[in-house]
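Colleague: So that you have it, the file is upload_25.txt, and it contains compact mmCIF, N, CA and C atoms:
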```
# COMPACT_ATOMS: atom_id res chain seq x y z
N MET T 1 -30.90 -56.73 42.31
CA MET T 1 -29.75 -56.60 41.48
C MET T 1 -29.81 -55.25 40.78
N SER T 2 -28.83 -54.44 41.04
CA SER T 2 -28.77 -53.09 40.49
C SER T 2 -27.70 -53.04 39.42
N THR T 3 -28.04 -52.42 38.28
CA THR T 3 -27.08 -52.30 37.17
C THR T 3 -26.64 -50.85 37.07
N THR T 4 -25.39 -50.64 37.02
CA THR T 4 -24.85 -49.29 36.85
C THR T 4 -24.15 -49.20 35.50
N TRP T 5 -24.39 -48.11 34.87
CA TRP T 5 -23.78 -47.89 33.57
C TRP T 5 -22.64 -46.90 33.73
N THR T 6 -21.50 -47.22 33.19
CA THR T 6 -20.37 -46.30 33.20
C THR T 6 -19.91 -46.09 31.77
N LEU T 7 -19.63 -44.83 31.46
CA LEU T 7 -19.14 -44.50 30.11
C LEU T 7 -17.64 -44.31 30.16
N SER T 8 -16.99 -44.96 29.25
CA SER T 8 -15.54 -44.76 29.18
C SER T 8 -15.27 -43.51 28.33
N PRO T 9 -14.36 -42.65 28.73
CA PRO T 9 -14.09 -41.43 27.94
C PRO T 9 -13.46 -41.78 26.61
N GLU T 10 -13.96 -41.11 25.57
CA GLU T 10 -13.42 -41.33 24.23
C GLU T 10 -12.21 -40.43 24.02
N PRO T 11 -11.22 -40.92 23.33
CA PRO T 11 -10.04 -40.06 23.07
C PRO T 11 -10.42 -38.93 22.10
N LEU T 12 -9.81 -37.77 22.31
CA LEU T 12 -10.07 -36.62 21.42
C LEU T 12 -9.40 -36.85 20.08
N PRO T 13 -10.01 -36.35 19.00
CA PRO T 13 -9.37 -36.50 17.68
C PRO T 13 -8.08 -35.66 17.64
N PRO T 14 -7.11 -36.11 16.86
CA PRO T 14 -5.84 -35.36 16.79
C PRO T 14 -6.06 -33.98 16.18
N SER T 15 -5.37 -32.99 16.73
CA SER T 15 -5.49 -31.62 16.26
C SER T 15 -4.62 -31.43 15.02
N THR T 16 -5.15 -30.75 14.03
CA THR T 16 -4.39 -30.52 12.80
C THR T 16 -3.64 -29.20 12.83
N GLY T 17 -4.08 -28.23 13.63
CA GLY T 17 -3.43 -26.93 13.69
C GLY T 17 -2.49 -26.84 14.87
N PRO T 18 -1.93 -25.65 15.05
CA PRO T 18 -1.03 -25.48 16.21
C PRO T 18 -1.83 -25.54 17.50
N PRO T 19 -1.21 -25.91 18.57
CA PRO T 19 -1.94 -25.99 19.82
C PRO T 19 -2.42 -24.61 20.27
N ALA T 20 -3.51 -24.60 21.01
CA ALA T 20 -4.09 -23.33 21.45
C ALA T 20 -3.10 -22.61 22.35
N GLY T 21 -2.96 -21.32 22.11
CA GLY T 21 -2.05 -20.52 22.91
C GLY T 21 -0.63 -20.49 22.37
N ALA T 22 -0.36 -21.22 21.30
CA ALA T 22 1.00 -21.19 20.73
C ALA T 22 1.15 -19.95 19.89
N GLY T 23 2.33 -19.31 19.95
CA GLY T 23 2.61 -18.10 19.18
C GLY T 23 3.03 -18.44 17.76
N LEU T 24 3.34 -17.41 17.01
CA LEU T 24 3.81 -17.59 15.65
C LEU T 24 5.29 -17.88 15.65
N ASP T 25 5.74 -18.71 14.71
CA ASP T 25 7.17 -18.94 14.62
C ASP T 25 7.82 -17.81 13.83
N ALA T 26 9.13 -17.87 13.66
CA ALA T 26 9.88 -16.76 13.06
C ALA T 26 9.46 -16.51 11.61
N GLU T 27 9.23 -17.58 10.86
CA GLU T 27 8.86 -17.42 9.46
C GLU T 27 7.48 -16.78 9.33
N GLN T 28 6.54 -17.19 10.16
CA GLN T 28 5.21 -16.60 10.11
C GLN T 28 5.23 -15.13 10.52
N ARG T 29 6.06 -14.77 11.50
CA ARG T 29 6.18 -13.37 11.90
C ARG T 29 6.77 -12.53 10.77
N THR T 30 7.75 -13.08 10.06
CA THR T 30 8.38 -12.37 8.94
C THR T 30 7.38 -12.14 7.82
N VAL T 31 6.63 -13.16 7.49
CA VAL T 31 5.62 -13.03 6.43
C VAL T 31 4.54 -12.03 6.85
N PHE T 32 4.12 -12.10 8.10
CA PHE T 32 3.11 -11.17 8.60
C PHE T 32 3.61 -9.73 8.53
N ALA T 33 4.86 -9.49 8.91
CA ALA T 33 5.42 -8.14 8.85
C ALA T 33 5.54 -7.66 7.40
N PHE T 34 5.94 -8.55 6.49
CA PHE T 34 6.06 -8.19 5.08
C PHE T 34 4.70 -7.82 4.49
N VAL T 35 3.69 -8.61 4.77
CA VAL T 35 2.34 -8.34 4.26
C VAL T 35 1.81 -7.04 4.86
N LEU T 36 2.09 -6.79 6.12
CA LEU T 36 1.66 -5.55 6.77
C LEU T 36 2.33 -4.35 6.11
N CYS T 37 3.62 -4.46 5.80
CA CYS T 37 4.31 -3.36 5.10
C CYS T 37 3.72 -3.13 3.71
N LEU T 38 3.41 -4.19 3.00
CA LEU T 38 2.79 -4.05 1.68
C LEU T 38 1.43 -3.37 1.77
N LEU T 39 0.66 -3.70 2.79
CA LEU T 39 -0.64 -3.06 2.96
C LEU T 39 -0.50 -1.57 3.27
N VAL T 40 0.51 -1.21 4.06
CA VAL T 40 0.74 0.21 4.36
C VAL T 40 1.11 0.96 3.08
N VAL T 41 1.98 0.39 2.26
CA VAL T 41 2.36 1.03 1.00
C VAL T 41 1.14 1.15 0.08
N LEU T 42 0.32 0.13 0.03
CA LEU T 42 -0.88 0.17 -0.79
C LEU T 42 -1.83 1.28 -0.35
N VAL T 43 -2.01 1.42 0.95
CA VAL T 43 -2.89 2.48 1.47
C VAL T 43 -2.32 3.85 1.14
N LEU T 44 -1.00 4.04 1.27
CA LEU T 44 -0.39 5.32 0.94
C LEU T 44 -0.56 5.66 -0.54
N LEU T 45 -0.39 4.67 -1.41
CA LEU T 45 -0.58 4.90 -2.84
C LEU T 45 -2.03 5.23 -3.16
N MET T 46 -2.96 4.57 -2.51
CA MET T 46 -4.37 4.86 -2.75
C MET T 46 -4.72 6.28 -2.31
N VAL T 47 -4.19 6.70 -1.15
CA VAL T 47 -4.45 8.06 -0.68
C VAL T 47 -3.87 9.08 -1.66
N ARG T 48 -2.67 8.83 -2.15
CA ARG T 48 -2.06 9.75 -3.12
C ARG T 48 -2.87 9.82 -4.40
N CYS T 49 -3.32 8.69 -4.90
CA CYS T 49 -4.12 8.68 -6.13
C CYS T 49 -5.44 9.42 -5.94
N VAL T 50 -6.09 9.25 -4.81
CA VAL T 50 -7.35 9.93 -4.56
C VAL T 50 -7.11 11.44 -4.47
N ARG T 51 -6.02 11.85 -3.82
CA ARG T 51 -5.72 13.29 -3.74
C ARG T 51 -5.47 13.87 -5.11
N ILE T 52 -4.76 13.14 -5.99
CA ILE T 52 -4.51 13.63 -7.35
C ILE T 52 -5.82 13.71 -8.13
N LEU T 53 -6.69 12.73 -7.97
CA LEU T 53 -7.96 12.76 -8.69
C LEU T 53 -8.86 13.90 -8.22
N LEU T 54 -8.82 14.21 -6.93
CA LEU T 54 -9.68 15.27 -6.41
C LEU T 54 -9.17 16.66 -6.81
N ASP T 55 -7.84 16.85 -6.86
CA ASP T 55 -7.28 18.16 -7.18
C ASP T 55 -6.06 17.97 -8.07
N PRO T 56 -6.26 17.73 -9.38
CA PRO T 56 -5.13 17.39 -10.24
C PRO T 56 -4.18 18.55 -10.52
N TYR T 57 -4.62 19.79 -10.38
CA TYR T 57 -3.79 20.92 -10.74
C TYR T 57 -3.01 21.50 -9.57
N SER T 58 -3.13 20.95 -8.39
CA SER T 58 -2.44 21.53 -7.23
C SER T 58 -0.94 21.30 -7.29
N ARG T 59 -0.47 20.22 -7.90
CA ARG T 59 0.96 19.90 -7.93
C ARG T 59 1.65 20.36 -9.21
N MET T 60 0.91 20.95 -10.14
CA MET T 60 1.52 21.37 -11.40
C MET T 60 2.20 22.73 -11.24
N PRO T 61 3.34 22.94 -11.88
CA PRO T 61 3.99 24.24 -11.80
C PRO T 61 3.18 25.30 -12.54
N ALA T 62 3.39 26.55 -12.19
CA ALA T 62 2.62 27.63 -12.80
C ALA T 62 3.05 27.89 -14.24
N SER T 63 4.31 27.67 -14.56
CA SER T 63 4.78 27.93 -15.92
C SER T 63 4.50 26.74 -16.82
N SER T 64 4.51 26.98 -18.12
CA SER T 64 4.31 25.90 -19.09
C SER T 64 5.27 26.10 -20.25
N TRP T 65 5.23 25.21 -21.21
CA TRP T 65 6.13 25.30 -22.35
C TRP T 65 5.83 26.51 -23.21
N THR T 66 4.59 26.94 -23.26
CA THR T 66 4.24 28.08 -24.11
C THR T 66 4.84 29.37 -23.56
N ASP T 67 5.01 29.47 -22.24
CA ASP T 67 5.64 30.66 -21.67
C ASP T 67 7.07 30.80 -22.17
N HIS T 68 7.80 29.71 -22.23
CA HIS T 68 9.19 29.75 -22.69
C HIS T 68 9.24 30.05 -24.19
N LYS T 69 8.30 29.56 -24.94
CA LYS T 69 8.28 29.82 -26.37
C LYS T 69 8.03 31.30 -26.63
N GLU T 70 7.10 31.88 -25.91
CA GLU T 70 6.82 33.30 -26.10
C GLU T 70 8.02 34.14 -25.70
N ALA T 71 8.74 33.75 -24.66
CA ALA T 71 9.93 34.50 -24.24
C ALA T 71 11.01 34.41 -25.31
N LEU T 72 11.15 33.26 -25.96
CA LEU T 72 12.14 33.11 -27.01
C LEU T 72 11.78 33.97 -28.22
N GLU T 73 10.49 34.04 -28.54
CA GLU T 73 10.04 34.86 -29.66
C GLU T 73 10.23 36.34 -29.38
N ARG T 74 10.18 36.74 -28.12
CA ARG T 74 10.36 38.14 -27.77
C ARG T 74 11.84 38.52 -27.75
N GLY T 75 12.74 37.57 -27.85
CA GLY T 75 14.16 37.86 -27.89
C GLY T 75 14.78 38.05 -26.52
N GLN T 76 14.22 37.49 -25.49
CA GLN T 76 14.77 37.66 -24.16
C GLN T 76 15.93 36.70 -23.91
N PHE T 77 16.06 35.66 -24.69
CA PHE T 77 17.13 34.70 -24.51
C PHE T 77 18.23 35.01 -25.52
N ASP T 78 19.13 35.93 -25.14
CA ASP T 78 20.19 36.34 -26.06
C ASP T 78 21.20 35.22 -26.31
N TYR T 79 21.40 34.33 -25.33
CA TYR T 79 22.39 33.26 -25.51
C TYR T 79 21.93 32.26 -26.56
N ALA T 80 20.66 32.23 -26.89
CA ALA T 80 20.17 31.31 -27.91
C ALA T 80 20.56 31.77 -29.31
N LEU T 81 20.91 33.03 -29.48
CA LEU T 81 21.24 33.55 -30.79
C LEU T 81 22.71 33.38 -31.14
N VAL T 82 23.52 32.97 -30.20
CA VAL T 82 24.97 32.84 -30.43
C VAL T 82 25.29 31.60 -31.19
```
Please rewrite the model in this file as structure tokens.
Modeller:
Amino acid sequence: MSTTWTLSPEPLPPSTGPPAGAGLDAEQRTVFAFVLCLLVVLVLLMVRCVRILLDPYSRMPASSWTDHKEALERGQFDYALV
């Protein structure tokens, strides 16, 4: 008398996420694009801030308020006396 053992296959547990190979729906693509745009803006702002910190005087104009004051004291602005 020979006894054979057979195993019955157990059912797989239900999947909680999207099925494998499924793409993103429209709402997820929109959110992904929005977050990607925000990250690009953040990186651009960080680069600009680092450039300003490394060379703060590169974007400043050559003239200042004292130059205009000295010109006014020298009498070069005749329209100011009218």
Colleague: Would you mind reading off the distance between CA of Glu27 (chain T) and atom N of Val41 (chain T), one decimal, in Å?
Modeller: 20.4 Å
Colleague: In Å, with one decimal, what is the gap from atom N of Gln28 (chain T) to CA of Leu42 (chain T)?
Modeller: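 So the two atoms, atom N of Gln28 (chain T) and CA of Leu42 (chain T), lie 21.8 Å apart.
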Colleague: Work out how far apart atom C of Cys37 (chain T) and atom N of Cys49 (chain T) are and give it in Å to one decimal.
Modeller: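 Atom-to-atom, atom C of Cys37 (chain T) to atom N of Cys49 (chain T), that is 16.2 Å.
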